[in-house]
file my_file.txt (compact mmCIF, C-alpha atoms)
# COMPACT_ATOMS: atom_id res chain seq x y z
CA GLY G 163 -11.51 69.78 -14.47
CA ARG G 164 -9.35 67.90 -16.92
CA SER G 165 -8.44 64.38 -16.02
CA ARG G 166 -4.70 63.87 -15.91
CA ALA G 167 -3.16 60.95 -17.72
CA PRO G 168 -1.67 58.46 -15.29
CA ARG G 169 2.03 59.02 -14.83
CA GLU G 170 4.39 56.21 -15.68
CA PRO G 171 5.95 54.83 -12.49
CA PRO G 172 9.66 55.70 -12.09
CA GLY G 173 10.80 52.08 -11.98
CA PRO G 174 10.26 51.27 -15.67
CA ARG G 175 11.78 54.61 -16.69
CA ARG G 176 14.92 53.92 -14.72
CA ALA G 177 15.11 50.41 -16.15
CA ALA G 178 14.74 51.78 -19.68
CA ARG G 179 17.52 54.34 -19.09
CA MET G 180 19.77 51.65 -17.65
CA ASN G 181 19.14 49.37 -20.63
CA GLU G 182 19.96 52.20 -22.99
CA MET G 183 23.19 52.95 -21.12
CA LEU G 184 24.16 49.28 -21.29
CA ARG G 185 23.47 49.22 -25.05
CA VAL G 186 25.60 52.32 -25.56
CA ALA G 187 28.41 50.82 -23.44
CA GLY G 188 28.18 47.55 -25.38
CA ARG G 189 28.45 49.36 -28.72
CA ALA G 190 31.44 51.37 -27.45
CA ALA G 191 33.14 48.19 -26.23
CA ALA G 192 32.55 46.57 -29.62
CA ARG G 193 34.18 49.53 -31.40
CA HIS G 194 37.07 49.97 -28.94
CA PRO G 195 37.57 46.69 -27.04
CA MET G 196 41.06 47.50 -25.78
CA VAL G 197 39.97 50.87 -24.39
CA ALA G 198 36.90 49.39 -22.70
CA SER G 199 38.89 46.49 -21.26
CA GLY G 200 41.66 48.79 -20.06
CA ILE G 201 39.30 51.23 -18.32
CA ALA G 202 37.38 48.40 -16.67
CA GLY G 203 40.61 46.66 -15.63
CA GLY G 204 42.15 49.81 -14.18
CA ALA G 205 39.03 50.57 -12.18
CA SER G 206 38.67 47.01 -10.87
CA PHE G 207 42.35 46.76 -9.87
CA ALA G 208 42.25 50.10 -8.04
CA VAL G 209 38.96 49.45 -6.26
CA GLY G 210 39.94 45.90 -5.36
CA ASP G 211 43.21 47.12 -3.86
CA ALA G 212 41.37 49.84 -1.92
CA ILE G 213 38.95 47.23 -0.55
CA SER G 214 41.89 45.10 0.55
CA GLN G 215 43.44 48.07 2.33
CA ALA G 216 40.19 49.20 3.92
CA SER G 217 39.67 45.72 5.36
CA GLY G 218 43.05 45.89 7.04
CA LEU G 219 44.56 43.24 4.77
CA GLY G 220 47.50 43.47 2.40
CA GLY G 221 49.96 45.10 4.80
CA SER G 222 48.39 48.56 4.82
CA ASP G 223 47.12 50.81 7.61
CA GLY G 224 44.16 52.69 6.22
CA VAL G 225 43.64 53.37 2.52
CA ASP G 226 46.62 54.62 0.53
CA LEU G 227 45.03 56.18 -2.55
CA GLN G 228 48.36 56.50 -4.35
CA ARG G 229 48.96 52.78 -3.90
CA ALA G 230 45.46 52.04 -5.25
CA VAL G 231 46.14 54.27 -8.27
CA ARG G 232 49.47 52.53 -8.93
CA THR G 233 47.74 49.16 -8.74
CA GLY G 234 45.03 50.48 -11.06
CA PHE G 235 47.69 51.46 -13.59
CA LEU G 236 48.80 47.84 -13.72
CA GLY G 237 45.19 46.78 -14.34
CA LEU G 238 44.92 49.36 -17.11
CA CYS G 239 48.01 47.92 -18.82
CA LEU G 240 47.22 44.23 -18.30
CA ASN G 241 43.55 44.39 -19.21
CA GLY G 242 43.96 47.00 -21.94
CA LEU G 243 47.18 46.02 -23.69
CA VAL G 244 47.72 42.32 -22.92
CA LEU G 245 44.34 40.69 -22.31
CA PRO G 246 42.49 41.60 -25.56
CA PRO G 247 45.27 40.22 -27.83
CA TRP G 248 45.42 37.11 -25.64
CA LEU G 249 41.67 36.56 -25.97
CA ARG G 250 41.92 36.96 -29.75
CA LEU G 251 44.83 34.51 -29.83
CA LEU G 252 42.68 31.96 -27.97
CA GLU G 253 40.01 32.41 -30.64
CA ARG G 254 42.53 31.61 -33.36
CA LEU G 255 44.09 28.67 -31.52
CA CYS G 256 40.97 26.99 -30.15
CA GLY G 257 38.13 28.17 -32.38
CA THR G 258 35.18 30.50 -32.04
CA ASP G 259 32.28 28.12 -31.40
CA GLN G 260 31.01 29.03 -27.94
CA ARG G 261 28.67 26.01 -27.93
CA SER G 262 31.55 23.54 -28.26
CA MET G 263 32.74 22.23 -24.90
CA ARG G 264 36.04 21.24 -26.51
CA VAL G 265 36.63 24.85 -27.55
CA VAL G 266 35.60 26.28 -24.19
CA LEU G 267 37.63 23.83 -22.12
CA SER G 268 40.70 24.28 -24.34
CA LYS G 269 40.57 28.03 -23.76
CA ILE G 270 40.22 27.56 -20.01
CA ALA G 271 43.20 25.19 -19.93
CA LEU G 272 45.46 27.52 -21.92
CA ASP G 273 44.33 30.50 -19.87
CA GLN G 274 45.18 28.77 -16.58
CA LEU G 275 48.44 27.21 -17.73
CA LEU G 276 49.90 30.17 -19.65
CA TYR G 277 48.22 33.50 -18.98
CA ALA G 278 47.47 33.09 -15.26
CA PRO G 279 51.05 32.31 -14.08
CA ALA G 280 52.48 35.11 -16.20
CA ALA G 281 49.90 37.67 -15.01
CA ASN G 282 50.36 36.66 -11.37
CA ALA G 283 54.15 36.91 -11.67
CA VAL G 284 53.83 40.38 -13.19
CA PHE G 285 51.48 41.42 -10.39
CA LEU G 286 53.74 40.20 -7.58
CA THR G 287 56.82 41.75 -9.18
CA TYR G 288 55.08 45.05 -9.88
CA THR G 289 53.52 45.42 -6.43
CA ALA G 290 56.85 44.75 -4.73
CA ALA G 291 58.11 47.93 -6.42
CA ALA G 292 54.89 49.98 -6.57
CA HIS G 293 54.04 49.45 -2.89
CA ALA G 294 57.57 50.16 -1.64
CA LYS G 295 58.15 52.90 0.90
CA PRO G 296 60.11 55.92 -0.40
CA HIS G 297 63.27 55.10 1.60
CA VAL G 298 63.51 51.49 0.36
CA SER G 299 66.43 51.01 -2.02
CA TRP G 300 66.16 49.38 -5.42
CA GLY G 301 68.34 46.56 -4.13
CA GLN G 302 65.82 45.88 -1.38
CA VAL G 303 62.98 46.03 -3.88
CA ALA G 304 64.72 43.53 -6.15
CA ALA G 305 65.33 41.21 -3.20
CA ALA G 306 61.66 41.52 -2.19
CA GLN G 307 60.59 40.69 -5.74
CA GLN G 308 62.61 37.49 -5.64
CA ILE G 309 61.14 36.58 -2.25
CA LYS G 310 57.58 37.25 -3.42
CA LEU G 311 58.00 35.13 -6.51
CA ARG G 312 59.67 32.30 -4.64
CA GLU G 313 57.18 32.20 -1.77
CA GLN G 314 53.91 33.45 -3.25
CA LEU G 315 53.74 32.65 -6.96
CA LEU G 316 52.74 29.00 -6.60
CA PRO G 317 50.16 29.57 -3.80
CA THR G 318 48.72 32.45 -5.82
CA TRP G 319 48.38 30.24 -8.87
CA PHE G 320 46.64 27.54 -6.81
CA ALA G 321 44.20 30.18 -5.52
CA ASP G 322 43.76 31.33 -9.12
CA CYS G 323 42.89 27.77 -10.19
CA ALA G 324 40.25 27.61 -7.46
CA THR G 325 38.67 30.89 -8.56
CA TRP G 326 38.98 31.48 -12.27
CA PRO G 327 38.03 28.31 -14.18
CA LEU G 328 34.32 28.75 -13.38
CA ALA G 329 34.45 32.44 -14.28
CA SER G 330 36.34 31.59 -17.45
CA PHE G 331 33.73 28.97 -18.35
CA VAL G 332 30.99 31.61 -18.14
CA ASN G 333 33.15 34.06 -20.08
CA PHE G 334 34.11 31.75 -22.94
CA ARG G 335 30.73 30.02 -23.11
CA PHE G 336 28.28 32.92 -22.90
CA VAL G 337 30.03 36.31 -23.23
CA PRO G 338 30.74 37.87 -26.66
CA LEU G 339 34.41 38.39 -27.49
CA HIS G 340 34.29 42.21 -27.23
CA LEU G 341 32.81 42.03 -23.71
CA ARG G 342 35.13 39.37 -22.30
CA GLY G 343 37.71 41.91 -21.14
CA PRO G 344 35.15 43.91 -19.12
CA PHE G 345 33.74 40.64 -17.74
CA VAL G 346 37.23 39.65 -16.59
CA ALA G 347 37.52 43.08 -14.95
CA LEU G 348 34.25 42.50 -13.10
CA VAL G 349 35.45 39.19 -11.66
CA THR G 350 38.84 40.78 -11.00
CA LEU G 351 37.19 43.21 -8.59
CA VAL G 352 36.93 40.31 -6.14
CA TRP G 353 40.10 38.51 -7.25
CA GLN G 354 42.12 41.72 -6.99
CA ALA G 355 41.27 42.02 -3.30
CA VAL G 356 42.70 38.52 -2.88
CA LEU G 357 45.82 39.38 -4.89
CA SER G 358 46.38 42.64 -3.02
CA THR G 359 46.09 40.76 0.26
CA ILE G 360 48.79 38.36 -0.96
CA GLY G 361 51.03 40.96 -2.57
CA GLY G 362 50.26 44.02 -0.50
CA GLY G 363 53.02 43.79 2.08
CA SER G 364 55.79 46.27 1.47
CA PRO G 365 59.15 45.02 0.19
CA GLU G 366 60.79 46.43 3.31
CA VAL G 367 58.79 44.11 5.52
CA LYS G 368 59.57 41.10 3.37
CA VAL G 369 63.22 41.96 3.07
CA GLN G 370 63.65 42.46 6.79
CA ALA G 371 61.82 39.22 7.44
CA GLU G 372 64.65 37.35 5.74
CA ASP G 373 67.48 39.66 6.82
CA ALA G 374 67.64 40.90 3.24
CA ALA G 375 67.95 44.59 4.01
CA PRO G 376 71.36 44.81 2.27
CA SER G 377 71.37 45.44 -1.44
CA LEU G 378 71.57 42.63 -3.96
CA ASP G 379 75.22 43.40 -4.62
CA GLU G 380 76.00 43.11 -0.91
CA ARG G 381 74.13 39.82 -0.68
CA ALA G 382 76.06 38.49 -3.65
CA GLN G 383 79.51 39.37 -2.31
CA PRO G 384 79.98 36.28 -0.08
CA ARG G 385 79.24 34.00 -3.02
CA ALA G 386 81.61 35.89 -5.31
CA SER G 387 84.42 35.89 -2.78
CA ALA G 388 84.03 32.15 -2.31
CA GLY G 389 84.61 31.58 -5.98
CA GLY G 390 80.99 30.73 -6.88
CA PRO G 391 78.68 32.63 -9.19
CA ALA G 392 77.44 35.97 -7.89
CA ALA G 393 73.81 34.95 -8.10
CA VAL G 394 71.36 35.60 -5.32
CA ALA G 395 69.71 32.54 -3.85

call {"tool": "encode", "arguments": {"input": "my_file.txt", "output": "structure tokens"}}
result
Amino acid sequence: GRSRAPREPPGPRRAARMNEMLRVAGRAAARHPMVASGIAGGASFAVGDAISQASGLGGSDGVDLQRAVRTGFLGLCLNGLVLPPWLRLLERLCGTDQRSMRVVLSKIALDQLLYAPAANAVFLTYTAAAHAKPHVSWGQVAAAQQIKLREQLLPTWFADCATWPLASFVNFRFVPLHLRGPFVALVTLVWQAVLSTIGGGSPEVKVQAEDAAPSLDERAQPRASAGGPAAVA
């Protein structure tokens, strides 16, 4: 009978298909960096939040898919609309030479001092509203946002500084500009679980913890009646 040609083992074929998929994804990211970064960011935020919930952290019993989707929407906006222009701004401010340690370290410093606090503040403020129970009033949500920012923004930034500089070094030193957004999303998959653990508690819980169940207007009334400004402490 005829001798059959030896069949190629499946391992190399799978590796070749994977390499081709990665090349296609890389070309798509180069053509549409904001879209690629936004999709990757939305997915990583949603999955990271779901992991936090599944582990019993972040103030959730079980996995609330709607909460994960709402968190993913924030990742879509931050990584798709804000992060790519920020990365391009860093290129203009600090330079494009990835081999220069001065350039790389300057980008890391600006990223930690400017972008990280702003992004963390947006996250804590957003999750206080997005994770609220349906019966929680907007006044309670606003009070919870103030509490989250006052109590959690600085510890979150310290945790950020312990996590992101190394990842940013790899990103700015070795990753091409059009793939930096997806790389950030990959690292965010872990970081998002940390953030959701910090910011996952519902506003109602936080508000009640400080006897802040009344609306902001009600909390302001004693100050106003005493002749002081009607600002909430």

call {"tool": "closest_residue", "arguments": {"input": "my_file.txt", "among": "G:Pro174, G:Gly234, G:Gly204, G:Pro195", "to": "Leu341 (chain G)", "atoms": "all atoms listed in the file"}}
result
G:Pro195

call {"tool": "closest_residue", "arguments": {"input": "my_file.txt", "among": "G:Leu316, G:Ala208, G:Leu286, G:Cys256", "to": "Phe334 (chain G)", "atoms": "all atoms listed in the file"}}
result
G:Cys256

call {"tool": "residues_near_point", "arguments": {"input": "my_file.txt", "point": "(42.7, 46.4, -17.2)", "cutoff": "8 Å", "atoms": "only C-alpha atoms", "output": "list in words"}}
result
Ser199, Gly200, Ile201, Ala202, Gly203, Gly204, Ala205, Ser206, Phe207, Gly234, Phe235, Leu236, Gly237, Leu238, Cys239, Leu240, Asn241, Gly242, Leu243, Leu245, Gly343 and Ala347 of chain G

call {"tool": "closest_residue", "arguments": {"input": "my_file.txt", "among": "G:Thr325, G:Gln307, G:Gln354, G:Gln302", "to": "Val284 (chain G)", "atoms": "all atoms listed in the file"}}
result
G:Gln307

call {"tool": "atom_distance", "arguments": {"input": "my_file.txt", "atom1": "CA of Met180 (chain G)", "atom2": "CA of Pro344 (chain G)"}}
result
17.3 Å

call {"tool": "residues_near_point", "arguments": {"input": "my_file.txt", "point": "(55.4, 49.0, -7.9)", "cutoff": "12 Å", "atoms": "all atoms listed in the file", "output": "JSON list (two decimals) with C-alpha atoms, keeping the file's coordinate frame"}}
result
[["chain", "number", "residue", "atom", "x", "y", "z"],
["G", 228, "GLN", "CA", 48.36, 56.50, -4.35],
["G", 229, "ARG", "CA", 48.96, 52.78, -3.90],
["G", 230, "ALA", "CA", 45.46, 52.04, -5.25],
["G", 231, "VAL", "CA", 46.14, 54.27, -8.27],
["G", 232, "ARG", "CA", 49.47, 52.53, -8.93],
["G", 233, "THR", "CA", 47.74, 49.16, -8.74],
["G", 234, "GLY", "CA", 45.03, 50.48, -11.06],
["G", 235, "PHE", "CA", 47.69, 51.46, -13.59],
["G", 236, "LEU", "CA", 48.80, 47.84, -13.72],
["G", 284, "VAL", "CA", 53.83, 40.38, -13.19],
["G", 285, "PHE", "CA", 51.48, 41.42, -10.39],
["G", 286, "LEU", "CA", 53.74, 40.20, -7.58],
["G", 287, "THR", "CA", 56.82, 41.75, -9.18],
["G", 288, "TYR", "CA", 55.08, 45.05, -9.88],
["G", 289, "THR", "CA", 53.52, 45.42, -6.43],
["G", 290, "ALA", "CA", 56.85, 44.75, -4.73],
["G", 291, "ALA", "CA", 58.11, 47.93, -6.42],
["G", 292, "ALA", "CA", 54.89, 49.98, -6.57],
["G", 293, "HIS", "CA", 54.04, 49.45, -2.89],
["G", 294, "ALA", "CA", 57.57, 50.16, -1.64],
["G", 295, "LYS", "CA", 58.15, 52.90, 0.90],
["G", 296, "PRO", "CA", 60.11, 55.92, -0.40],
["G", 298, "VAL", "CA", 63.51, 51.49, 0.36],
["G", 300, "TRP", "CA", 66.16, 49.38, -5.42],
["G", 303, "VAL", "CA", 62.98, 46.03, -3.88],
["G", 304, "ALA", "CA", 64.72, 43.53, -6.15],
["G", 306, "ALA", "CA", 61.66, 41.52, -2.19],
["G", 307, "GLN", "CA", 60.59, 40.69, -5.74],
["G", 361, "GLY", "CA", 51.03, 40.96, -2.57],
["G", 362, "GLY", "CA", 50.26, 44.02, -0.50],
["G", 363, "GLY", "CA", 53.02, 43.79, 2.08],
["G", 364, "SER", "CA", 55.79, 46.27, 1.47],
["G", 365, "PRO", "CA", 59.15, 45.02, 0.19]]

call {"tool": "atom_distance", "arguments": {"input": "my_file.txt", "atom1": "CA of Asp259 (chain G)", "atom2": "CA of Arg342 (chain G)"}}
result
14.7 Å

call {"tool": "atom_distance", "arguments": {"input": "my_file.txt", "atom1": "CA of Asp226 (chain G)", "atom2": "CA of Leu351 (chain G)"}}
result
17.4 Å

call {"tool": "residues_around", "arguments": {"input": "my_file.txt", "residues": "Ala280 (chain G)", "least_positions_apart": "6", "cutoff": "10 Å", "atoms": "all atoms listed in the file", "output": "list in words"}}
result
Gln274, Leu315 and Trp319 of chain G

call {"tool": "closest_residue", "arguments": {"input": "my_file.txt", "among": "G:Pro246, G:Leu252, G:Phe336, G:Ser214", "to": "His194 (chain G)", "atoms": "all atoms listed in the file"}}
result
G:Pro246
